[in-house]
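Structure file model.txt (compact mmCIF, C-alpha atoms) follows.
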# COMPACT_ATOMS: atom_id res chain seq x y z
CA MET A 186 0.00 0.00 0.00
CA SER A 187 1.49 3.34 -1.07
CA ASP A 188 1.89 6.07 1.55
CA ASP A 189 2.80 8.77 -0.98
CA PRO A 190 0.68 11.78 0.17
CA ASP A 191 0.62 13.38 -3.30
CA ARG A 192 -0.61 10.20 -4.92
CA HIS A 193 -3.24 9.76 -2.21
CA ALA A 194 -4.43 13.37 -2.63
CA MET A 195 -4.72 12.92 -6.40
CA LYS A 196 -6.70 9.70 -5.98
CA MET A 197 -9.08 11.32 -3.50
CA ALA A 198 -9.53 14.37 -5.77
CA LYS A 199 -10.63 12.07 -8.61
CA LYS A 200 -13.10 10.33 -6.29
CA LYS A 201 -14.47 13.67 -5.12
CA ALA A 202 -14.91 14.90 -8.70
CA ALA A 203 -16.79 11.72 -9.63
CA ARG A 204 -18.94 11.99 -6.50
CA ASP A 205 -19.70 15.67 -7.09
CA LYS A 206 -20.80 14.86 -10.64
CA ILE A 207 -23.24 12.25 -9.35
CA MET A 208 -24.55 14.53 -6.57
CA ALA A 209 -25.19 17.35 -9.06
CA THR A 210 -27.87 15.19 -10.70
CA LYS A 211 -29.75 14.61 -7.40
CA THR A 212 -31.98 17.67 -7.24
CA ASP A 213 -35.48 16.37 -6.47
CA GLU A 214 -37.11 16.41 -3.04
CA LYS A 215 -40.09 14.37 -1.89
CA GLY A 216 -41.56 12.85 1.20
CA LEU A 217 -40.23 9.32 1.46
CA ILE A 218 -41.91 6.04 2.34
CA ILE A 219 -39.29 4.34 4.51
CA VAL A 220 -39.46 0.71 5.67
CA HIS A 221 -37.31 -0.84 8.40
CA THR A 222 -37.75 -4.60 8.51
CA GLY A 223 -35.84 -7.83 9.10
CA LYS A 224 -35.08 -10.11 12.04
CA GLY A 225 -32.24 -8.00 13.39
CA LYS A 226 -32.44 -5.50 16.22
CA GLY A 227 -32.56 -1.78 15.52
CA LYS A 228 -35.66 -1.18 13.37
CA SER A 229 -37.50 1.06 15.82
CA SER A 230 -34.26 2.47 17.21
CA ALA A 231 -33.22 3.71 13.76
CA ALA A 232 -36.69 5.13 13.14
CA PHE A 233 -36.65 7.02 16.43
CA GLY A 234 -33.25 8.37 15.46
CA MET A 235 -34.96 10.05 12.50
CA ILE A 236 -37.76 11.33 14.74
CA PHE A 237 -35.22 12.92 17.08
CA ARG A 238 -33.44 14.39 14.06
CA CYS A 239 -36.74 16.02 13.03
CA ILE A 240 -37.22 17.33 16.57
CA ALA A 241 -33.70 18.79 16.51
CA HIS A 242 -34.61 20.65 13.30
CA ASP A 243 -37.88 21.86 14.89
CA MET A 244 -39.89 19.87 12.33
CA GLN A 245 -43.36 18.79 13.45
CA CYS A 246 -43.62 14.99 13.60
CA ALA A 247 -45.67 12.19 15.13
CA VAL A 248 -45.41 8.60 16.35
CA VAL A 249 -48.08 5.89 16.36
CA GLN A 250 -47.16 2.64 18.11
CA PHE A 251 -49.27 -0.23 16.78
CA ILE A 252 -48.26 -3.14 18.99
CA LYS A 253 -46.18 -2.09 21.96
CA GLY A 254 -48.21 -1.38 25.07
CA GLY A 255 -47.94 1.53 27.46
CA MET A 256 -44.70 0.41 29.12
CA SER A 257 -42.14 3.09 29.84
CA THR A 258 -39.47 3.46 27.15
CA GLY A 259 -36.71 6.04 26.87
CA GLU A 260 -37.98 7.44 23.57
CA ARG A 261 -41.60 7.68 24.68
CA ASP A 262 -40.79 9.23 28.06
CA MET A 263 -38.41 11.82 26.59
CA ILE A 264 -40.79 12.87 23.83
CA LEU A 265 -43.79 13.14 26.18
CA SER A 266 -41.87 15.04 28.86
CA ARG A 267 -39.75 17.36 26.72
CA PHE A 268 -40.86 17.47 23.09
CA SER A 269 -44.63 16.97 23.06
CA ASP A 270 -45.06 20.38 21.43
CA THR A 271 -43.05 19.18 18.41
CA CYS A 272 -43.86 15.45 18.33
CA SER A 273 -47.23 13.93 19.18
CA PHE A 274 -46.96 10.40 20.55
CA HIS A 275 -49.76 7.81 20.40
CA THR A 276 -49.36 4.37 21.96
CA MET A 277 -52.35 2.53 20.51
CA GLY A 278 -51.45 -1.13 21.08
CA GLU A 279 -51.83 -3.14 24.25
CA GLY A 280 -48.78 -5.35 23.91
CA PHE A 281 -47.47 -8.03 21.59
CA THR A 282 -50.09 -10.38 20.20
CA TRP A 283 -48.73 -13.39 22.10
CA GLU A 284 -49.32 -11.44 25.31
CA THR A 285 -52.85 -10.24 24.61
CA GLN A 286 -54.03 -13.52 23.02
CA ASP A 287 -57.17 -11.74 21.83
CA ARG A 288 -57.27 -11.42 18.04
CA GLU A 289 -60.53 -9.46 17.97
CA ARG A 290 -59.23 -6.90 20.45
CA ASP A 291 -55.85 -6.68 18.69
CA THR A 292 -57.63 -6.05 15.39
CA GLU A 293 -59.77 -3.31 16.93
CA MET A 294 -56.70 -1.61 18.40
CA ALA A 295 -54.76 -1.86 15.13
CA GLN A 296 -57.68 -0.37 13.21
CA ALA A 297 -57.90 2.51 15.69
CA ALA A 298 -54.14 3.07 15.36
CA TRP A 299 -54.46 3.13 11.56
CA GLU A 300 -57.22 5.73 11.74
CA LYS A 301 -55.00 7.90 13.96
CA ALA A 302 -52.08 7.33 11.57
CA LYS A 303 -54.12 8.48 8.58
CA GLU A 304 -55.20 11.60 10.44
CA LEU A 305 -51.61 12.46 11.31
CA ILE A 306 -50.27 11.73 7.82
CA ARG A 307 -52.98 13.85 6.19
CA ASP A 308 -51.99 16.82 8.36
CA PRO A 309 -49.42 18.74 6.28
CA ALA A 310 -47.94 20.21 9.47
CA ASN A 311 -46.38 16.81 10.21
CA LYS A 312 -43.17 16.43 8.25
CA MET A 313 -42.60 12.84 9.43
CA VAL A 314 -44.89 10.17 10.87
CA LEU A 315 -43.49 6.99 12.38
CA LEU A 316 -45.77 3.93 12.30
CA ASP A 317 -43.94 1.75 14.79
CA GLU A 318 -44.51 -2.03 14.42
CA ILE A 319 -47.21 -1.58 11.78
CA ASN A 320 -45.63 -4.45 9.86
CA ILE A 321 -46.64 -6.80 12.69
CA ALA A 322 -50.25 -5.65 12.41
CA LEU A 323 -50.09 -6.18 8.65
CA ARG A 324 -48.48 -9.59 9.03
CA TYR A 325 -51.34 -10.85 11.20
CA ASP A 326 -53.93 -9.24 8.88
CA TYR A 327 -55.19 -6.86 11.56
CA LEU A 328 -54.97 -4.30 8.76
CA ASP A 329 -55.61 -4.61 5.02
CA ILE A 330 -52.31 -4.23 3.17
CA ASP A 331 -54.12 -3.04 0.02
CA GLU A 332 -55.75 -0.20 1.96
CA VAL A 333 -52.46 0.84 3.55
CA VAL A 334 -50.60 0.82 0.24
CA GLN A 335 -53.35 2.70 -1.56
CA PHE A 336 -53.50 5.37 1.14
CA LEU A 337 -49.73 5.91 1.10
CA ALA A 338 -49.66 6.04 -2.70
CA GLU A 339 -52.66 8.32 -3.13
CA GLU A 340 -53.23 10.40 0.01
CA LYS A 341 -49.86 10.96 1.65
CA PRO A 342 -48.88 14.61 1.17
CA HIS A 343 -46.01 14.96 -1.28
CA MET A 344 -43.46 16.24 1.25
CA THR A 345 -44.42 14.04 4.23
CA HIS A 346 -42.06 11.24 5.25
CA VAL A 347 -43.67 8.06 6.59
CA VAL A 348 -41.55 5.44 8.39
CA LEU A 349 -42.93 1.92 8.87
CA THR A 350 -41.19 -0.59 11.13
CA GLY A 351 -41.48 -4.25 12.08
CA ARG A 352 -40.46 -7.67 10.85
CA ASN A 353 -41.84 -9.35 7.74
CA ALA A 354 -42.76 -6.27 5.72
CA LYS A 355 -45.25 -7.20 3.02
CA ASP A 356 -43.98 -7.31 -0.56
CA ASP A 357 -46.58 -4.76 -1.68
CA LEU A 358 -45.30 -2.28 0.90
CA ILE A 359 -41.68 -2.85 -0.10
CA GLU A 360 -42.68 -2.29 -3.73
CA ILE A 361 -44.00 1.25 -3.13
CA ALA A 362 -41.35 2.26 -0.60
CA ASP A 363 -38.57 4.67 -1.53
CA LEU A 364 -36.13 3.35 1.07
CA VAL A 365 -36.09 -0.17 2.52
CA THR A 366 -33.58 -1.40 5.09
CA GLU A 367 -33.51 -5.01 6.25
CA MET A 368 -31.86 -5.50 9.62
CA GLU A 369 -29.94 -8.78 9.55
CA LEU A 370 -29.60 -10.78 12.76
CA VAL A 371 -26.00 -11.88 13.25
CA LYS A 372 -25.88 -12.19 17.03
CA HIS A 373 -28.31 -11.31 19.85
CA PRO A 374 -27.75 -11.46 23.63
CA PHE A 375 -31.25 -12.91 24.18
CA ARG A 376 -29.96 -16.20 22.75
CA SER A 377 -27.36 -16.26 25.51
CA GLY A 378 -29.97 -15.83 28.23
CA ILE A 379 -29.64 -12.06 28.59
CA LYS A 380 -32.92 -10.21 29.06
CA ALA A 381 -33.92 -6.89 27.47
CA GLN A 382 -32.09 -4.09 29.22
CA ILE A 383 -32.84 -0.45 29.88
CA GLY A 384 -30.98 1.90 27.55
CA VAL A 385 -30.54 -0.82 24.92
CA GLU A 386 -34.00 -2.23 24.21
CA PHE A 387 -36.21 0.38 25.86
Could you write out this structure as structure tokens?
Amino acid sequence: MSDDPDRHAMKMAKKKAARDKIMATKTDEKGLIIVHTGKGKGKSSAAFGMIFRCIAHDMQCAVVQFIKGGMSTGERDMILSRFSDTCSFHTMGEGFTWETQDRERDTEMAQAAWEKAKELIRDPANKMVLLDEINIALRYDYLDIDEVVQFLAEEKPHMTHVVLTGRNAKDDLIEIADLVTEMELVKHPFRSGIKAQIGVEF
């Protein structure tokens, strides 16, 4: 490997010129449909990172949690206590479906969450809306995937970002999304007998 500083500078200058040429063609702006899915950890965490980025830029945003119940989490507690004027937070689920064991009730709650989500997305004041764990509700058919896709395609305001999280994202949702990230599970402490811990999972 060469350590010649002049050669390195020349190589980096060529890379920068090529990169600048590509970036010059990227001029459009639009509200994105963003999907975080996969078996790996970090789907909601990454989505909340974007929510906090919006808050930092004083951009109005909102969160709807479809599955997770009202347990205390760092993100929820911080938003409700410090940033509720910028980000509205709606925990609509009552816990994971294996905990509730009541399909009819889970369906009712998911439908109510979807109605709230549509209301928030339609509001042009909201620059980003996070639909946390909606993919779980779609997976279990608590919601109609065709209705969700049609709404996002036809009614989402042009400059509103919508982030959808949860495992097993439906193919139809992936098809209309602008950005899809699949979190891959390589290693997880749960498999070694370590429980969910504050500051990491919640």
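Nearest to Lys228 (chain A) of all the residues A:Met263, A:Ala203, A:Met368, A:Ile383 is A:Met368, based on only C-alpha atoms.
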Task: Neighbour residues at most 6 Å from (-48.5, 11.4, 15.6) (all atoms listed in the file) as an MDAnalysis selection string - done: chainID A and resid 247:249 273:274 305
Task: Spatial neighbours of Leu316 (chain A), max dist 12 Å, all atoms listed in the file, sep filter under 5 positions, as a ChimeraX atom specification - done: /A:218-221,228-229,232-233,236,246-253,274-278,295,298-303,305-306,321-323,333,346-351
Open item on the list: Rounded to one decimal, what separation in Å do you get between CA of Val365 (chain A) and CA of Thr222 (chain A)?
Closed with: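 Here the two named atoms are 7.6 Å from each other.
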- [ ] Tell me, as a PyMOL selection string, which residues lie within 7 Å of Arg307 (chain A), counting all atoms listed in the file; anything in the same chain fewer than 3 positions away does not count.
- [x] chain A and resi 303-304+341-342
TODO: Kindly indicate which residue among A:Gly384, A:His193, A:Glu367, A:Asp317 lies nearest to Lys226 (chain A), using only C-alpha atoms for the distances.
DONE: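 Looking only at the distances to Lys226 (chain A), the closest residue turns out to be A:Glu367.
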Open item on the list: Nearest residue to Ala354 (chain A) out of A:Arg238, A:Lys372, A:Lys224, A:Arg290, using all atoms listed in the file?
Closed with: A:Lys224
- [ ] Just give me the gap between CA of Arg324 (chain A) and CA of Asn353 (chain A) in Å, one decimal is fine.
- [x]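 Computing the Euclidean distance for CA of Arg324 (chain A) and CA of Asn353 (chain A) yields 6.8 Å.
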- [ ] Work out how far apart CA of Val314 (chain A) and CA of Gly223 (chain A) are and give it in Å to one decimal.
- [x]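 If I compute the distance from CA of Val314 (chain A) to CA of Gly223 (chain A), I get 20.2 Å.
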Open item on the list: I need the residue nearest Ala231 (chain A) from this list: A:Ala194, A:Glu340, A:Arg204, A:Thr366. Use all atoms listed in the file for the distance.
Closed with: A:Thr366
Open item on the list: So that I can check the surroundings of Phe268 (chain A), please list as a list of chain:residue names every protein, DNA and RNA residue that reaches within 12 Å of it, counting only C-alpha atoms and ignoring chain neighbours fewer than 6 positions away.
Closed with: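 Here the qualifying residues turn out to be A:Ile236, A:Phe237, A:Cys239, A:Ile240, A:Ala241, A:Asp243, A:Met244, A:Gln245, A:Cys246, A:Ala247, A:Glu260, A:Arg261, A:Asp262, A:Phe274.
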TODO: Check the smallest atom-to-atom distance from each of A:Arg288, A:Arg352, A:Lys206, A:His242 to Glu369 (chain A) using all atoms listed in the file, then report the winner.
DONE: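 Result for the nearest residue to Glu369 (chain A): A:Arg352.
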Mind writing region 291-319 of chain A to a file for me, with N, CA and C atoms, as a PDB file, in the first residue's frame?
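Output (result-v4.pdb):
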ATOM      1  N   ASP A 291     -57.041  -7.154  19.395  1.00  0.00           N
ATOM      2  CA  ASP A 291     -55.849  -6.679  18.690  1.00  0.00           C
ATOM      3  C   ASP A 291     -56.218  -6.019  17.364  1.00  0.00           C
ATOM      4  N   THR A 292     -57.186  -6.617  16.667  1.00  0.00           N
ATOM      5  CA  THR A 292     -57.631  -6.055  15.390  1.00  0.00           C
ATOM      6  C   THR A 292     -58.277  -4.693  15.604  1.00  0.00           C
ATOM      7  N   GLU A 293     -59.116  -4.587  16.625  1.00  0.00           N
ATOM      8  CA  GLU A 293     -59.766  -3.306  16.929  1.00  0.00           C
ATOM      9  C   GLU A 293     -58.732  -2.223  17.232  1.00  0.00           C
ATOM     10  N   MET A 294     -57.735  -2.578  18.029  1.00  0.00           N
ATOM     11  CA  MET A 294     -56.704  -1.610  18.398  1.00  0.00           C
ATOM     12  C   MET A 294     -55.863  -1.200  17.192  1.00  0.00           C
ATOM     13  N   ALA A 295     -55.542  -2.160  16.334  1.00  0.00           N
ATOM     14  CA  ALA A 295     -54.759  -1.857  15.135  1.00  0.00           C
ATOM     15  C   ALA A 295     -55.549  -0.949  14.191  1.00  0.00           C
ATOM     16  N   GLN A 296     -56.841  -1.213  14.060  1.00  0.00           N
ATOM     17  CA  GLN A 296     -57.683  -0.367  13.205  1.00  0.00           C
ATOM     18  C   GLN A 296     -57.756   1.057  13.748  1.00  0.00           C
ATOM     19  N   ALA A 297     -57.869   1.175  15.078  1.00  0.00           N
ATOM     20  CA  ALA A 297     -57.902   2.508  15.694  1.00  0.00           C
ATOM     21  C   ALA A 297     -56.571   3.227  15.474  1.00  0.00           C
ATOM     22  N   ALA A 298     -55.461   2.476  15.594  1.00  0.00           N
ATOM     23  CA  ALA A 298     -54.144   3.067  15.359  1.00  0.00           C
ATOM     24  C   ALA A 298     -54.008   3.535  13.921  1.00  0.00           C
ATOM     25  N   TRP A 299     -54.534   2.763  12.981  1.00  0.00           N
ATOM     26  CA  TRP A 299     -54.456   3.133  11.562  1.00  0.00           C
ATOM     27  C   TRP A 299     -55.271   4.393  11.289  1.00  0.00           C
ATOM     28  N   GLU A 300     -56.437   4.516  11.914  1.00  0.00           N
ATOM     29  CA  GLU A 300     -57.225   5.733  11.741  1.00  0.00           C
ATOM     30  C   GLU A 300     -56.467   6.949  12.259  1.00  0.00           C
ATOM     31  N   LYS A 301     -55.814   6.799  13.417  1.00  0.00           N
ATOM     32  CA  LYS A 301     -55.005   7.905  13.958  1.00  0.00           C
ATOM     33  C   LYS A 301     -53.827   8.201  13.018  1.00  0.00           C
ATOM     34  N   ALA A 302     -53.202   7.155  12.492  1.00  0.00           N
ATOM     35  CA  ALA A 302     -52.079   7.327  11.573  1.00  0.00           C
ATOM     36  C   ALA A 302     -52.502   8.117  10.332  1.00  0.00           C
ATOM     37  N   LYS A 303     -53.637   7.774   9.765  1.00  0.00           N
ATOM     38  CA  LYS A 303     -54.120   8.479   8.577  1.00  0.00           C
ATOM     39  C   LYS A 303     -54.371   9.955   8.880  1.00  0.00           C
ATOM     40  N   GLU A 304     -54.946  10.216  10.028  1.00  0.00           N
ATOM     41  CA  GLU A 304     -55.199  11.595  10.441  1.00  0.00           C
ATOM     42  C   GLU A 304     -53.891  12.390  10.540  1.00  0.00           C
ATOM     43  N   LEU A 305     -52.893  11.779  11.137  1.00  0.00           N
ATOM     44  CA  LEU A 305     -51.608  12.460  11.310  1.00  0.00           C
ATOM     45  C   LEU A 305     -50.868  12.645   9.988  1.00  0.00           C
ATOM     46  N   ILE A 306     -50.939  11.636   9.123  1.00  0.00           N
ATOM     47  CA  ILE A 306     -50.274  11.729   7.822  1.00  0.00           C
ATOM     48  C   ILE A 306     -50.945  12.776   6.946  1.00  0.00           C
ATOM     49  N   ARG A 307     -52.256  12.864   7.010  1.00  0.00           N
ATOM     50  CA  ARG A 307     -52.980  13.848   6.189  1.00  0.00           C
ATOM     51  C   ARG A 307     -52.669  15.279   6.606  1.00  0.00           C
ATOM     52  N   ASP A 308     -52.272  15.480   7.859  1.00  0.00           N
ATOM     53  CA  ASP A 308     -51.992  16.817   8.364  1.00  0.00           C
ATOM     54  C   ASP A 308     -50.663  17.305   7.792  1.00  0.00           C
ATOM     55  N   PRO A 309     -50.673  18.296   6.920  1.00  0.00           N
ATOM     56  CA  PRO A 309     -49.424  18.745   6.280  1.00  0.00           C
ATOM     57  C   PRO A 309     -48.434  19.364   7.250  1.00  0.00           C
ATOM     58  N   ALA A 310     -48.869  19.669   8.465  1.00  0.00           N
ATOM     59  CA  ALA A 310     -47.942  20.210   9.466  1.00  0.00           C
ATOM     60  C   ALA A 310     -46.920  19.161   9.887  1.00  0.00           C
ATOM     61  N   ASN A 311     -47.290  17.885   9.818  1.00  0.00           N
ATOM     62  CA  ASN A 311     -46.378  16.811  10.205  1.00  0.00           C
ATOM     63  C   ASN A 311     -45.429  16.496   9.056  1.00  0.00           C
ATOM     64  N   LYS A 312     -44.162  16.685   9.288  1.00  0.00           N
ATOM     65  CA  LYS A 312     -43.167  16.427   8.253  1.00  0.00           C
ATOM     66  C   LYS A 312     -42.726  14.963   8.232  1.00  0.00           C
ATOM     67  N   MET A 313     -42.902  14.264   9.364  1.00  0.00           N
ATOM     68  CA  MET A 313     -42.595  12.840   9.434  1.00  0.00           C
ATOM     69  C   MET A 313     -43.559  12.167  10.393  1.00  0.00           C
ATOM     70  N   VAL A 314     -44.032  10.977   9.999  1.00  0.00           N
ATOM     71  CA  VAL A 314     -44.891  10.172  10.869  1.00  0.00           C
ATOM     72  C   VAL A 314     -44.300   8.770  10.936  1.00  0.00           C
ATOM     73  N   LEU A 315     -44.029   8.324  12.148  1.00  0.00           N
ATOM     74  CA  LEU A 315     -43.490   6.986  12.384  1.00  0.00           C
ATOM     75  C   LEU A 315     -44.619   6.045  12.771  1.00  0.00           C
ATOM     76  N   LEU A 316     -44.780   4.966  12.012  1.00  0.00           N
ATOM     77  CA  LEU A 316     -45.768   3.927  12.302  1.00  0.00           C
ATOM     78  C   LEU A 316     -44.998   2.727  12.841  1.00  0.00           C
ATOM     79  N   ASP A 317     -44.803   2.727  14.153  1.00  0.00           N
ATOM     80  CA  ASP A 317     -43.936   1.745  14.788  1.00  0.00           C
ATOM     81  C   ASP A 317     -44.638   0.396  14.922  1.00  0.00           C
ATOM     82  N   GLU A 318     -44.009  -0.644  14.389  1.00  0.00           N
ATOM     83  CA  GLU A 318     -44.507  -2.025  14.421  1.00  0.00           C
ATOM     84  C   GLU A 318     -45.784  -2.238  13.597  1.00  0.00           C
ATOM     85  N   ILE A 319     -46.047  -1.366  12.643  1.00  0.00           N
ATOM     86  CA  ILE A 319     -47.215  -1.581  11.785  1.00  0.00           C
ATOM     87  C   ILE A 319     -47.067  -2.856  10.961  1.00  0.00           C
TER      88      ILE A 319
END
